[in-house]
Amino acid sequence: MKLRLFTLPKCPKCPAAKELVNLIQKERSDLTVEILDMSQPENMTTALMLQIASTPSFAIDDTAIFVGDVPSFDELNKKLDEYKHRLEP
């Protein structure tokens, strides 16, 4: 699974979101993490394709899961587990 975090340089909640992503990456070996700065045109395009227009926002693969807010560690972990179970046969 790929967890993407969409950020902007002046976003007040983004530092907490980055810290959360770093924590969850240490806990989960089934996860790759990508932090995308939406001030870069290619990252903005990716965000808009996922219907993300605010930061911080989290997506698993191509599915936005939290938009414009920072979930708790447990909330994010639960979403990751739910998504993973949907992928399993």
# chains A, B, ... in the order shown; residues from 1 in each chain; ligands from 1
>>> residues_around(residues="Leu20 of chain A", least_positions_apart="3", cutoff="10 Å", atoms="only C-alpha atoms", output="list in words")
Cys14, Pro15, Ala16, Ala17, Leu23, Ile24, Gln25, Val70, Pro71, Ser72, Phe73 and Leu76 of chain A
>>> write_last_selection(atoms="C-alpha atoms", output="mmCIF file, in the first residue's frame")
data_model
loop_
_atom_site.group_PDB
_atom_site.id
_atom_site.type_symbol
_atom_site.label_atom_id
_atom_site.label_comp_id
_atom_site.auth_asym_id
_atom_site.auth_seq_id
_atom_site.Cartn_x
_atom_site.Cartn_y
_atom_site.Cartn_z
ATOM 1 C CA CYS A 14 1.010 19.861 7.975
ATOM 2 C CA PRO A 15 3.910 19.459 10.458
ATOM 3 C CA ALA A 16 1.665 17.327 12.709
ATOM 4 C CA ALA A 17 0.530 15.324 9.665
ATOM 5 C CA LEU A 23 5.229 7.359 13.145
ATOM 6 C CA ILE A 24 2.906 5.102 11.186
ATOM 7 C CA GLN A 25 5.634 4.221 8.697
ATOM 8 C CA VAL A 70 -5.025 15.297 10.778
ATOM 9 C CA PRO A 71 -6.489 12.030 12.076
ATOM 10 C CA SER A 72 -5.290 10.363 15.236
ATOM 11 C CA PHE A 73 -2.751 7.555 14.936
ATOM 12 C CA LEU A 76 -5.271 6.360 10.394
#
>>> select_by_dssp(residues="chain A", states="strand (DSSP E or B)", output="mmCIF file with N, CA and C atoms, in the first residue's frame")
data_model
loop_
_atom_site.group_PDB
_atom_site.id
_atom_site.type_symbol
_atom_site.label_atom_id
_atom_site.label_comp_id
_atom_site.auth_asym_id
_atom_site.auth_seq_id
_atom_site.Cartn_x
_atom_site.Cartn_y
_atom_site.Cartn_z
ATOM 1 N N LYS A 2 0.386 2.257 -0.658
ATOM 2 C CA LYS A 2 1.094 3.533 -0.650
ATOM 3 C C LYS A 2 0.228 4.572 0.058
ATOM 4 N N LEU A 3 0.790 5.167 1.097
ATOM 5 C CA LEU A 3 0.130 6.259 1.805
ATOM 6 C C LEU A 3 0.726 7.553 1.295
ATOM 7 N N ARG A 4 -0.133 8.417 0.783
ATOM 8 C CA ARG A 4 0.312 9.724 0.298
ATOM 9 C C ARG A 4 -0.207 10.808 1.231
ATOM 10 N N LEU A 5 0.674 11.736 1.545
ATOM 11 C CA LEU A 5 0.304 12.908 2.329
ATOM 12 C C LEU A 5 0.518 14.127 1.455
ATOM 13 N N PHE A 6 -0.548 14.904 1.264
ATOM 14 C CA PHE A 6 -0.474 16.132 0.474
ATOM 15 C C PHE A 6 -0.352 17.309 1.429
ATOM 16 N N THR A 7 0.676 18.139 1.190
ATOM 17 C CA THR A 7 0.977 19.257 2.081
ATOM 18 C C THR A 7 1.188 20.542 1.281
ATOM 19 N N THR A 32 4.294 2.016 2.070
ATOM 20 C CA THR A 32 5.275 2.969 1.565
ATOM 21 C C THR A 32 4.630 4.346 1.697
ATOM 22 N N VAL A 33 5.445 5.328 1.963
ATOM 23 C CA VAL A 33 4.939 6.675 2.229
ATOM 24 C C VAL A 33 5.507 7.645 1.213
ATOM 25 N N GLU A 34 4.643 8.534 0.773
ATOM 26 C CA GLU A 34 5.049 9.584 -0.152
ATOM 27 C C GLU A 34 4.452 10.894 0.359
ATOM 28 N N ILE A 35 5.312 11.892 0.557
ATOM 29 C CA ILE A 35 4.840 13.214 0.977
ATOM 30 C C ILE A 35 4.947 14.133 -0.237
ATOM 31 N N LEU A 36 3.804 14.685 -0.632
ATOM 32 C CA LEU A 36 3.733 15.487 -1.849
ATOM 33 C C LEU A 36 3.413 16.942 -1.515
ATOM 34 N N ASP A 37 4.270 17.837 -1.943
ATOM 35 C CA ASP A 37 4.085 19.271 -1.747
ATOM 36 C C ASP A 37 3.211 19.795 -2.885
ATOM 37 N N SER A 57 -3.875 16.367 3.540
ATOM 38 C CA SER A 57 -4.799 15.333 3.100
ATOM 39 C C SER A 57 -4.038 14.026 2.923
ATOM 40 N N PHE A 58 -4.724 12.941 3.224
ATOM 41 C CA PHE A 58 -4.130 11.611 3.171
ATOM 42 C C PHE A 58 -4.864 10.781 2.129
ATOM 43 N N ALA A 59 -4.117 9.989 1.377
ATOM 44 C CA ALA A 59 -4.719 9.061 0.422
ATOM 45 C C ALA A 59 -3.987 7.727 0.511
ATOM 46 N N ILE A 60 -4.758 6.646 0.362
ATOM 47 C CA ILE A 60 -4.172 5.315 0.246
ATOM 48 C C ILE A 60 -4.301 4.942 -1.217
ATOM 49 N N THR A 63 -7.122 6.514 -3.297
ATOM 50 C CA THR A 63 -8.349 6.792 -2.550
ATOM 51 C C THR A 63 -8.065 7.795 -1.438
ATOM 52 N N ALA A 64 -8.702 8.961 -1.514
ATOM 53 C CA ALA A 64 -8.560 9.958 -0.446
ATOM 54 C C ALA A 64 -9.290 9.444 0.793
ATOM 55 N N ILE A 65 -8.622 9.530 1.949
ATOM 56 C CA ILE A 65 -9.244 9.018 3.182
ATOM 57 C C ILE A 65 -9.469 10.106 4.237
ATOM 58 N N PHE A 66 -8.588 11.078 4.309
ATOM 59 C CA PHE A 66 -8.766 12.209 5.221
ATOM 60 C C PHE A 66 -8.380 13.458 4.441
ATOM 61 N N VAL A 67 -9.279 14.431 4.370
ATOM 62 C CA VAL A 67 -9.023 15.636 3.586
ATOM 63 C C VAL A 67 -9.129 16.860 4.494
#
>>> select_by_dssp(residues="chain A", states="helix (DSSP H, G or I)", output="VMD selection string")
chain A and resid 14 to 27 41 to 49 73 to 87
>>> closest_residue(among="A:Met1, A:Met38, A:Leu80, A:Leu31", to="Ile52 of chain A", atoms="only C-alpha atoms")
A:Met38
>>> atom_distance(atom1="atom CA of Ser39 of chain A", atom2="atom CA of Lys10 of chain A")
10.0 Å
>>> closest_residue(among="A:Asp30, A:Ser54, A:Leu48, A:Lys84", to="Leu8 of chain A", atoms="only C-alpha atoms")
A:Ser54
>>> decode(residues="segment 70-86 of chain A", atoms="N, CA and C atoms", output="mmCIF file, in the first residue's frame")
data_model
loop_
_atom_site.group_PDB
_atom_site.id
_atom_site.type_symbol
_atom_site.label_atom_id
_atom_site.label_comp_id
_atom_site.auth_asym_id
_atom_site.auth_seq_id
_atom_site.Cartn_x
_atom_site.Cartn_y
_atom_site.Cartn_z
ATOM 1 N N VAL A 70 -6.006 16.278 10.310
ATOM 2 C CA VAL A 70 -5.025 15.297 10.778
ATOM 3 C C VAL A 70 -5.757 14.298 11.670
ATOM 4 N N PRO A 71 -5.838 13.031 11.229
ATOM 5 C CA PRO A 71 -6.489 12.030 12.076
ATOM 6 C C PRO A 71 -5.576 11.640 13.232
ATOM 7 N N SER A 72 -6.134 10.924 14.175
ATOM 8 C CA SER A 72 -5.290 10.363 15.236
ATOM 9 C C SER A 72 -4.531 9.177 14.654
ATOM 10 N N PHE A 73 -3.514 8.731 15.361
ATOM 11 C CA PHE A 73 -2.751 7.555 14.936
ATOM 12 C C PHE A 73 -3.694 6.366 14.763
ATOM 13 N N ASP A 74 -4.577 6.163 15.744
ATOM 14 C CA ASP A 74 -5.505 5.026 15.702
ATOM 15 C C ASP A 74 -6.479 5.121 14.535
ATOM 16 N N GLU A 75 -6.988 6.317 14.249
ATOM 17 C CA GLU A 75 -7.908 6.492 13.122
ATOM 18 C C GLU A 75 -7.227 6.150 11.800
ATOM 19 N N LEU A 76 -6.003 6.631 11.627
ATOM 20 C CA LEU A 76 -5.271 6.360 10.394
ATOM 21 C C LEU A 76 -4.946 4.877 10.284
ATOM 22 N N ASN A 77 -4.509 4.281 11.360
ATOM 23 C CA ASN A 77 -4.177 2.856 11.367
ATOM 24 C C ASN A 77 -5.404 2.012 11.019
ATOM 25 N N LYS A 78 -6.556 2.382 11.564
ATOM 26 C CA LYS A 78 -7.798 1.662 11.292
ATOM 27 C C LYS A 78 -8.158 1.753 9.808
ATOM 28 N N LYS A 79 -8.058 2.932 9.229
ATOM 29 C CA LYS A 79 -8.351 3.111 7.799
ATOM 30 C C LYS A 79 -7.414 2.255 6.946
ATOM 31 N N LEU A 80 -6.146 2.217 7.315
ATOM 32 C CA LEU A 80 -5.176 1.405 6.582
ATOM 33 C C LEU A 80 -5.546 -0.075 6.667
ATOM 34 N N ASP A 81 -5.928 -0.528 7.854
ATOM 35 C CA ASP A 81 -6.338 -1.925 8.022
ATOM 36 C C ASP A 81 -7.583 -2.241 7.193
ATOM 37 N N GLU A 82 -8.572 -1.339 7.219
ATOM 38 C CA GLU A 82 -9.807 -1.545 6.442
ATOM 39 C C GLU A 82 -9.487 -1.647 4.957
ATOM 40 N N TYR A 83 -8.642 -0.758 4.485
ATOM 41 C CA TYR A 83 -8.274 -0.754 3.068
ATOM 42 C C TYR A 83 -7.537 -2.046 2.700
ATOM 43 N N LYS A 84 -6.607 -2.450 3.559
ATOM 44 C CA LYS A 84 -5.831 -3.663 3.305
ATOM 45 C C LYS A 84 -6.743 -4.887 3.240
ATOM 46 N N HIS A 85 -7.723 -4.981 4.137
ATOM 47 C CA HIS A 85 -8.635 -6.125 4.160
ATOM 48 C C HIS A 85 -9.521 -6.166 2.911
ATOM 49 N N ARG A 86 -9.847 -5.012 2.346
ATOM 50 C CA ARG A 86 -10.629 -4.978 1.100
ATOM 51 C C ARG A 86 -9.818 -5.517 -0.066
#
